[in-house]
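Undergrad: Sharing a structure below in structure tokens format, with a few things to ask.
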Amino acid sequence: TPHVATPVVPSSAVASTSTAADASASDSVCVSSAKRRVSMYNKITPVVVEKKMISMEDDRFDEILSFVHCSECLSRKVEVTYYKHHLETVVAMSCTECKAVLVKKPRGISRQLNVLTGRMVYAEMVAGGGYNSFLRRNALCNLPGITHETFSRYTSMITRVSIQSCNRILAETRAIVRKEYAKQDTLSDARGVVDIDVTYDGTWHTRGHHSNFGIGVAIDALTKLVVDYQVLCKYCFLCVNMKSRLNKKKITVETYEKFKENHERKCNKNYSGSSGKMEVEAALIIWQRSLKQKLRYKTIVSDGDSATYKGITELNDGAGPYQGLQVTKEECINHYAKRLKNRLTSLVKLHYTEKQLRTGKNRKEYHVKRKAMLTDFMIDKLAQYFQKNLRDSRGTDVETMRNGILASFFHCSSTDDNPEHHLCPPGSASWCFYQKALADNLPPPSHSTMKVKFQLQPDDFNKVHEIYKDLTRDDMMERCIQGRTQNPNESLHQRIWAYCNKALYRNKWQVDFSVSHAIAEYNVGYERSCLDIQLGYGRSSLNQKRLKDMDRYMQRLQTPRSKKRKTVVDTSYEAGGH
């Protein structure tokens with residue numbers, strides 16, 4: 001099937017740049033985090049070029065060519081030659097009478113990268129597919145396939161362009177971060193190095209401890225923009241293949257040594273060690289090269305894993321990555337609230353007795369998991385209250401945060417005989433029904449009306465109380481006082497693995513493309529991160545409209561679940577309402 005590209009004169013479009021919106025001014029307006037991120041960059045209007053790709057049957061194309069005549073001798077004896085190149089068919093025309101060449105064959109067509117094939121491969125990479133998926137899609141569309149070597153040429157070129165584009169965006173991002181911290185009266189040293197706070201987290205291609213790929217990403221806590229990343233790989237297919245051939249004596253030692261010498265700079269393997277330590281190794285690389293980017297990551301917000309923070313502080317023989325500056329650690333309040341749930345669950349599982357049933361089987365009866373005790377529902381509720389107090393007490397002081405957490409514990413464990421509401425907020429506007437009744441000079445209702453409550457034996461109660469006191473220590477509360485989370489990192493991880501399916505085998509170039517493309521989309525949006533213009537393919541008005549719609553959807557303001565408008569139910573339509 002021939003594909004004839006008919007270029008249309010592009011409409012006049014001038015690339016216009018506008019000054020980025022001030023992030024501090026946008027804080028007062030209720031906007032989404034994605035819209036705030038994208039607004040920090042200069043807007044660029046791409047030039048839209050319209051090109052039509054025409055597909056038709058051979059007999060229909062021959063019928064159209066029957067009306068073509070030679071421009072020299074006006075003869076209709078025109079010979080058409082088809083040159084197949086990847087997914088396209090190039091047409092050359094010549095006159096059989098005067099031997100005039102009407103349409104020349106493009107030079108070096110066999111060495112060129114085809115536009116249509118490049119678009120199809122780029123679309124397959126964005127969809128998260130590989131070579132077999134590419135052939136399957138082409139077969140369903142009645143399009144020819146390409147060899148695996150040709151597919152690798154396109155993927156290598158697109159991945160290289162994606163990494164270069166991501167590096168340019170990250171360089172611009174760091175300049176924006178330094179500018180935003182300057183607005184916060186953060187001074188830089190004589191070299192122009194600025195101290196910033198980052199949230200750091202690692203992610204792996206597969207679950208467990210056998211992943212070949214690990215990724216570490218540092219995101220600025222103020223602007224929520226990615227400032228640096230590192231991809232680690234501990235597997236190279238060519239190295240393993242050549243080593244296997246050497247063991248089977250299919251190649252000589254000299255051939256293997258020559259291969260290692262030539263392959264060393266192109267080897268995909270850049271890490272040797274366990275998969276679990278990839279997060280630590282990526283953090284060390286990011287922190288060590290931060291000074292070259294005129295940044296110092298003085299605060300790390302992590303998920304409670306002390307291995308990463310310990311590895312950073314032990315750099316340079318225990319002096320840390322920066323001379324004269326100690327890196328501090330803060331806790332992600334979402335992950336820190338899970339500690340309460342895990343420790344209460346472990347406490348429940350440790351105290352049980354085995355009871356033999358009539359069938360002869362033994363059943364575990366947990367002491368503190370009976371009715372009105374620490375059930376799974378009760379543990380989930382206590383963890384939710386713990387997290388809510390951490391979030392509501394951000395920016396206050398350690399004592400206020402601790403009292404809010406302990407107030408929820410004593411409130412849920414109170415009884416009519418022993419009411420413990422001394423830490424609950426007083427006043428008629430209090431969430432505590434007991435304090436509210438006292439403020440209104442009314443008798444407090446019975447504690448049996450509480451939906452969330454538990455009663456434990458004194459020994460079990462003291463054990464739960466010890467867990468609360470351990471989690472509300474001064475040093476731990478100081479790490480949570482800013483109320484920061486790793487939500488930006490989790491959002492970016494979802495974008496990365498949307499381009500690289502965790503359930504399938506993936507190689508190094510697929511992971512590199514997924515990470516670089518996802519980071520570019522996360523920072524600047526879909527319209528600017530799309531590689532069609534940088535690859536030289538041009539952008540159509542249809543694709544431009546689609547990218548704008550995707551950006552608009554990404555930057556929409558999502559209403560929190562608790563603030564969604566409740567639907568008013570008309571009781572006149574209920575059963576028996578007439």
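Naming works like this for the structure tokens: A, B, ... for the chains as they're shown, residue 1 at the start of each chain, ligands 1 onward in shown order.
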Could you pull the residues within 12 Å of Lys294 in chain A, counting only C-alpha atoms, minus those fewer than 4 positions along the same chain, as number ranges by chain?
TA: A: 171, 174-175, 177-178, 188-196, 227, 287-290
Undergrad: Could you give me, as JSON, numbers by chain, each residue of range 326-531 of chain A that DSSP assigns to helix (DSSP H, G or I) when run on this structure's backbone?
TA: {"A": [333, 334, 335, 336, 337, 338, 339, 340, 341, 342, 343, 344, 345, 346, 347, 348, 349, 350, 376, 377, 378, 379, 380, 381, 382, 383, 384, 385, 386, 387, 388, 389, 390, 391, 392, 398, 399, 400, 401, 402, 403, 404, 405, 406, 407, 408, 409, 410, 411, 412, 433, 434, 435, 436, 437, 438, 439, 447, 448, 449, 458, 459, 460, 461, 462, 463, 464, 465, 466, 467, 468, 469, 470, 471, 474, 475, 476, 477, 478, 479, 480, 487, 488, 489, 490, 491, 492, 493, 494, 495, 496, 497, 498, 499, 508, 509, 510, 511, 512, 513, 514, 515, 516, 517, 518, 519, 520, 521, 522, 523, 524, 526, 527, 528, 529]}
Undergrad: Find the residues around Tyr553 in chain A up to 12 Å (only C-alpha atoms counted), leave out those fewer than 2 positions away in its own chain, and share them as a list of chain:residue names.
TA: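 What passes the distance filter is A:Ser32, A:Ala34, A:Lys35, A:Gly525, A:Tyr526, A:Arg546, A:Leu547, A:Lys548, A:Asp549, A:Met550, A:Asp551, A:Gln555, A:Arg556, A:Leu557, A:Gln558.
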Undergrad: Write out the residues from the selection above, keeping all heavy atoms, as a short mmCIF file (atom, residue, chain, number, x, y, z; two decimals), in the first residue's frame.
TA:
data_model
loop_
_atom_site.label_atom_id
_atom_site.label_comp_id
_atom_site.auth_asym_id
_atom_site.auth_seq_id
_atom_site.Cartn_x
_atom_site.Cartn_y
_atom_site.Cartn_z
N SER A 32 -4.36 23.68 41.20
CA SER A 32 -3.82 22.34 41.39
C SER A 32 -2.30 22.39 41.42
O SER A 32 -1.67 23.35 40.96
CB SER A 32 -4.29 21.42 40.27
OG SER A 32 -3.79 21.86 39.03
N ALA A 34 -0.24 20.46 39.73
CA ALA A 34 0.29 20.35 38.37
C ALA A 34 0.25 21.69 37.65
O ALA A 34 1.19 22.07 36.94
CB ALA A 34 -0.50 19.30 37.58
N LYS A 35 -0.81 22.45 37.83
CA LYS A 35 -0.91 23.76 37.18
C LYS A 35 0.12 24.72 37.74
O LYS A 35 0.69 25.54 37.01
CB LYS A 35 -2.33 24.32 37.36
CG LYS A 35 -2.59 25.57 36.55
CD LYS A 35 -4.05 25.98 36.63
CE LYS A 35 -4.33 27.19 35.74
NZ LYS A 35 -5.76 27.59 35.80
N GLY A 525 4.47 19.34 31.58
CA GLY A 525 3.20 18.99 30.95
C GLY A 525 3.38 18.24 29.65
O GLY A 525 4.49 18.06 29.14
N TYR A 526 2.26 17.81 29.08
CA TYR A 526 2.27 16.97 27.87
C TYR A 526 2.66 17.76 26.63
O TYR A 526 3.38 17.24 25.77
CB TYR A 526 0.89 16.34 27.66
CG TYR A 526 0.51 15.32 28.69
CD1 TYR A 526 -0.25 15.67 29.80
CD2 TYR A 526 0.91 14.00 28.56
CE1 TYR A 526 -0.60 14.74 30.76
CE2 TYR A 526 0.56 13.05 29.52
CZ TYR A 526 -0.19 13.43 30.61
OH TYR A 526 -0.53 12.50 31.56
N ARG A 546 -4.96 17.71 21.06
CA ARG A 546 -5.00 16.58 22.00
C ARG A 546 -4.07 16.82 23.19
O ARG A 546 -4.43 16.55 24.34
CB ARG A 546 -4.59 15.30 21.28
CG ARG A 546 -4.66 14.04 22.14
CD ARG A 546 -4.05 12.87 21.41
NE ARG A 546 -2.64 13.07 21.19
CZ ARG A 546 -1.69 12.73 22.06
NH1 ARG A 546 -2.02 12.20 23.22
NH2 ARG A 546 -0.43 12.93 21.78
N LEU A 547 -2.88 17.34 22.93
CA LEU A 547 -1.93 17.60 24.01
C LEU A 547 -2.44 18.69 24.95
O LEU A 547 -2.27 18.61 26.16
CB LEU A 547 -0.57 18.00 23.43
CG LEU A 547 0.18 16.91 22.64
CD1 LEU A 547 1.43 17.48 22.00
CD2 LEU A 547 0.53 15.74 23.54
N LYS A 548 -3.08 19.70 24.40
CA LYS A 548 -3.65 20.76 25.25
C LYS A 548 -4.77 20.21 26.12
O LYS A 548 -4.90 20.60 27.29
CB LYS A 548 -4.16 21.90 24.38
CG LYS A 548 -3.06 22.80 23.82
CD LYS A 548 -3.66 23.99 23.10
CE LYS A 548 -2.56 24.94 22.64
NZ LYS A 548 -3.11 26.15 21.95
N ASP A 549 -5.58 19.33 25.56
CA ASP A 549 -6.65 18.73 26.35
C ASP A 549 -6.09 17.87 27.48
O ASP A 549 -6.62 17.86 28.60
CB ASP A 549 -7.57 17.89 25.47
CG ASP A 549 -8.37 18.74 24.50
OD1 ASP A 549 -8.52 19.95 24.74
OD2 ASP A 549 -8.85 18.19 23.48
N MET A 550 -5.00 17.15 27.21
CA MET A 550 -4.38 16.33 28.25
C MET A 550 -3.77 17.21 29.34
O MET A 550 -3.85 16.88 30.53
CB MET A 550 -3.31 15.44 27.63
CG MET A 550 -3.86 14.39 26.68
SD MET A 550 -2.56 13.43 25.85
CE MET A 550 -1.85 12.55 27.23
N ASP A 551 -3.17 18.33 28.95
CA ASP A 551 -2.64 19.26 29.96
C ASP A 551 -3.76 19.85 30.79
O ASP A 551 -3.62 20.02 32.01
CB ASP A 551 -1.86 20.38 29.27
CG ASP A 551 -0.41 19.99 29.02
OD1 ASP A 551 0.08 19.09 29.71
OD2 ASP A 551 0.22 20.59 28.13
N GLN A 555 -4.10 19.44 34.83
CA GLN A 555 -4.00 20.61 35.68
C GLN A 555 -5.32 20.97 36.34
O GLN A 555 -5.42 22.02 36.97
CB GLN A 555 -3.51 21.81 34.87
CG GLN A 555 -2.14 21.60 34.25
CD GLN A 555 -1.76 22.73 33.31
OE1 GLN A 555 -2.33 23.81 33.35
NE2 GLN A 555 -0.79 22.47 32.45
N ARG A 556 -6.32 20.12 36.18
CA ARG A 556 -7.60 20.43 36.79
C ARG A 556 -7.49 20.36 38.30
O ARG A 556 -6.64 19.65 38.84
CB ARG A 556 -8.68 19.47 36.30
CG ARG A 556 -8.59 18.08 36.93
CD ARG A 556 -9.47 17.08 36.22
NE ARG A 556 -9.57 15.83 36.93
CZ ARG A 556 -8.62 14.90 36.95
NH1 ARG A 556 -7.51 15.09 36.31
NH2 ARG A 556 -8.81 13.78 37.62
N LEU A 557 -8.33 21.09 38.98
CA LEU A 557 -8.33 21.11 40.43
C LEU A 557 -9.27 20.04 40.93
O LEU A 557 -10.49 20.10 40.72
CB LEU A 557 -8.77 22.48 40.96
CG LEU A 557 -8.81 22.63 42.48
CD1 LEU A 557 -7.42 22.44 43.06
CD2 LEU A 557 -9.38 23.97 42.88
N GLN A 558 -8.71 19.02 41.59
CA GLN A 558 -9.52 17.93 42.10
C GLN A 558 -10.07 18.29 43.47
O GLN A 558 -9.33 18.72 44.36
CB GLN A 558 -8.68 16.66 42.20
CG GLN A 558 -8.20 16.14 40.85
CD GLN A 558 -7.45 14.84 40.99
OE1 GLN A 558 -7.19 14.39 42.09
NE2 GLN A 558 -7.10 14.24 39.87
#
Undergrad: Using only C-alpha atoms, which of the listed residues (A:Leu531, A:Cys236, A:Met401, A:Ala282) sits closest to Cys480 in chain A?
TA: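 Distance minimum relative to Cys480 in chain A lands on A:Met401.
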Undergrad: Skipping near chain neighbours, those fewer than 4 positions away, what residues fall within 8 Å of range 299-307 of chain A using only C-alpha atoms, listed as number ranges by chain?
TA: A: 196-201, 280, 311, 327-332, 335-336, 484-486
Undergrad: Please, could you write that set of residues out with N, CA and C atoms as a PDB file, in the first residue's frame?
TA:
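File produced: part_24.pdb:
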ATOM      1  N   ILE A 196      18.368  23.667  49.598  1.00  0.00           N
ATOM      2  CA  ILE A 196      16.950  23.375  49.380  1.00  0.00           C
ATOM      3  C   ILE A 196      16.572  22.117  50.136  1.00  0.00           C
ATOM      4  N   ASP A 197      15.256  21.912  50.277  1.00  0.00           N
ATOM      5  CA  ASP A 197      14.698  20.707  50.885  1.00  0.00           C
ATOM      6  C   ASP A 197      14.114  19.830  49.787  1.00  0.00           C
ATOM      7  N   VAL A 198      14.361  18.538  49.851  1.00  0.00           N
ATOM      8  CA  VAL A 198      13.887  17.628  48.813  1.00  0.00           C
ATOM      9  C   VAL A 198      13.178  16.446  49.458  1.00  0.00           C
ATOM     10  N   THR A 199      12.260  15.876  48.708  1.00  0.00           N
ATOM     11  CA  THR A 199      11.654  14.593  49.058  1.00  0.00           C
ATOM     12  C   THR A 199      12.283  13.538  48.161  1.00  0.00           C
ATOM     13  N   TYR A 200      12.777  12.489  48.754  1.00  0.00           N
ATOM     14  CA  TYR A 200      13.486  11.452  48.004  1.00  0.00           C
ATOM     15  C   TYR A 200      12.813  10.108  48.241  1.00  0.00           C
ATOM     16  N   ASP A 201      12.710   9.334  47.152  1.00  0.00           N
ATOM     17  CA  ASP A 201      12.138   7.995  47.250  1.00  0.00           C
ATOM     18  C   ASP A 201      12.654   7.161  46.092  1.00  0.00           C
ATOM     19  N   VAL A 280      19.654   3.368  48.100  1.00  0.00           N
ATOM     20  CA  VAL A 280      20.735   4.049  48.811  1.00  0.00           C
ATOM     21  C   VAL A 280      21.810   4.501  47.838  1.00  0.00           C
ATOM     22  N   GLY A 311      23.394   6.345  54.854  1.00  0.00           N
ATOM     23  CA  GLY A 311      24.400   6.325  53.797  1.00  0.00           C
ATOM     24  C   GLY A 311      24.838   7.727  53.388  1.00  0.00           C
ATOM     25  N   VAL A 327      23.167  17.232  56.836  1.00  0.00           N
ATOM     26  CA  VAL A 327      21.871  16.918  56.231  1.00  0.00           C
ATOM     27  C   VAL A 327      20.921  16.428  57.317  1.00  0.00           C
ATOM     28  N   THR A 328      19.728  17.000  57.359  1.00  0.00           N
ATOM     29  CA  THR A 328      18.714  16.605  58.336  1.00  0.00           C
ATOM     30  C   THR A 328      17.630  15.777  57.666  1.00  0.00           C
ATOM     31  N   LYS A 329      16.917  15.037  58.489  1.00  0.00           N
ATOM     32  CA  LYS A 329      15.887  14.121  57.978  1.00  0.00           C
ATOM     33  C   LYS A 329      14.529  14.493  58.520  1.00  0.00           C
ATOM     34  N   GLU A 330      13.516  14.452  57.654  1.00  0.00           N
ATOM     35  CA  GLU A 330      12.133  14.643  58.048  1.00  0.00           C
ATOM     36  C   GLU A 330      11.327  13.424  57.625  1.00  0.00           C
ATOM     37  N   GLU A 331      10.224  13.210  58.318  1.00  0.00           N
ATOM     38  CA  GLU A 331       9.393  12.037  58.061  1.00  0.00           C
ATOM     39  C   GLU A 331       8.213  12.401  57.169  1.00  0.00           C
ATOM     40  N   CYS A 332       7.873  11.492  56.283  1.00  0.00           N
ATOM     41  CA  CYS A 332       6.622  11.611  55.537  1.00  0.00           C
ATOM     42  C   CYS A 332       5.484  11.227  56.479  1.00  0.00           C
ATOM     43  N   HIS A 335       3.553   7.927  55.694  1.00  0.00           N
ATOM     44  CA  HIS A 335       4.242   6.691  56.054  1.00  0.00           C
ATOM     45  C   HIS A 335       4.414   6.566  57.565  1.00  0.00           C
ATOM     46  N   TYR A 336       4.570   7.706  58.234  1.00  0.00           N
ATOM     47  CA  TYR A 336       4.760   7.644  59.680  1.00  0.00           C
ATOM     48  C   TYR A 336       3.478   7.183  60.378  1.00  0.00           C
ATOM     49  N   ARG A 484       5.194  17.299  55.794  1.00  0.00           N
ATOM     50  CA  ARG A 484       5.495  17.007  54.390  1.00  0.00           C
ATOM     51  C   ARG A 484       5.236  15.538  54.080  1.00  0.00           C
ATOM     52  N   THR A 485       4.976  15.277  52.806  1.00  0.00           N
ATOM     53  CA  THR A 485       4.670  13.917  52.363  1.00  0.00           C
ATOM     54  C   THR A 485       5.484  13.588  51.114  1.00  0.00           C
ATOM     55  N   GLN A 486       5.446  12.329  50.736  1.00  0.00           N
ATOM     56  CA  GLN A 486       6.082  11.862  49.502  1.00  0.00           C
ATOM     57  C   GLN A 486       5.064  11.672  48.383  1.00  0.00           C
TER      58      GLN A 486
END
Undergrad: Grab the CA of Met278 in chain A to CA of Val226 in chain A distance for me, in Å with one decimal place.
TA: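 CA of Val226 in chain A lies at a distance of 19.0 Å from CA of Met278 in chain A.
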Undergrad: So which residues touch Asn132 in chain A within 12 Å, counting only C-alpha atoms, skipping near sequence neighbours fewer than 3 positions away, as an mmCIF file with C-alpha atoms, in the first residue's frame?
TA:
data_model
loop_
_atom_site.group_PDB
_atom_site.id
_atom_site.type_symbol
_atom_site.label_atom_id
_atom_site.label_comp_id
_atom_site.auth_asym_id
_atom_site.auth_seq_id
_atom_site.Cartn_x
_atom_site.Cartn_y
_atom_site.Cartn_z
ATOM 1 C CA VAL A 121 7.802 3.423 17.037
ATOM 2 C CA GLU A 124 4.602 2.177 20.639
ATOM 3 C CA MET A 125 7.135 3.356 23.212
ATOM 4 C CA GLY A 128 4.645 0.839 26.839
ATOM 5 C CA GLY A 129 5.098 -1.816 24.165
ATOM 6 C CA LEU A 135 4.635 -6.096 14.876
ATOM 7 C CA ARG A 136 1.243 -7.151 16.221
ATOM 8 C CA ARG A 137 -0.192 -3.645 15.848
ATOM 9 C CA ASN A 138 1.180 -3.308 12.319
ATOM 10 C CA ALA A 139 -0.294 -6.657 11.313
ATOM 11 C CA GLY A 145 6.919 -4.879 9.700
ATOM 12 C CA ILE A 146 10.567 -4.009 10.219
ATOM 13 C CA THR A 147 13.513 -5.973 11.495
ATOM 14 C CA HIS A 148 14.512 -5.987 15.141
ATOM 15 C CA PHE A 151 13.451 -1.161 15.533
#
Undergrad: Find the residue from A:Ser156, A:Thr150, A:Val161, A:Gly214 that sits nearest to His85 in chain A; use only C-alpha atoms when measuring.
TA: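 Distance minimum relative to His85 in chain A lands on A:Thr150.
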Undergrad: So which residues touch Arg391 in chain A within 10 Å, counting only C-alpha atoms, skipping near sequence neighbours fewer than 3 positions away, as a ChimeraX atom specification?
TA: /A:333-334,385-388,394-395,401,480-485
Undergrad: Which one is closest to Tyr181 in chain A: A:Tyr83, A:His465, A:Asp220, A:Arg528? Count only C-alpha atoms.
TA: A:Asp220
Undergrad: Run DSSP on the backbone of this structure and report the residues of range 157-316 of chain A it assigns to strand (DSSP E), as number ranges by chain.
TA: A: 194-204, 213-220, 226-233, 295-302
Undergrad: Which residues come within 8 Å of range 86-101 of chain A, counting only C-alpha atoms, excluding same-chain residues fewer than 3 positions away, as number ranges by chain?
TA: A: 1-4, 70, 72-73, 75-83, 104-105, 114, 116-117, 143-146
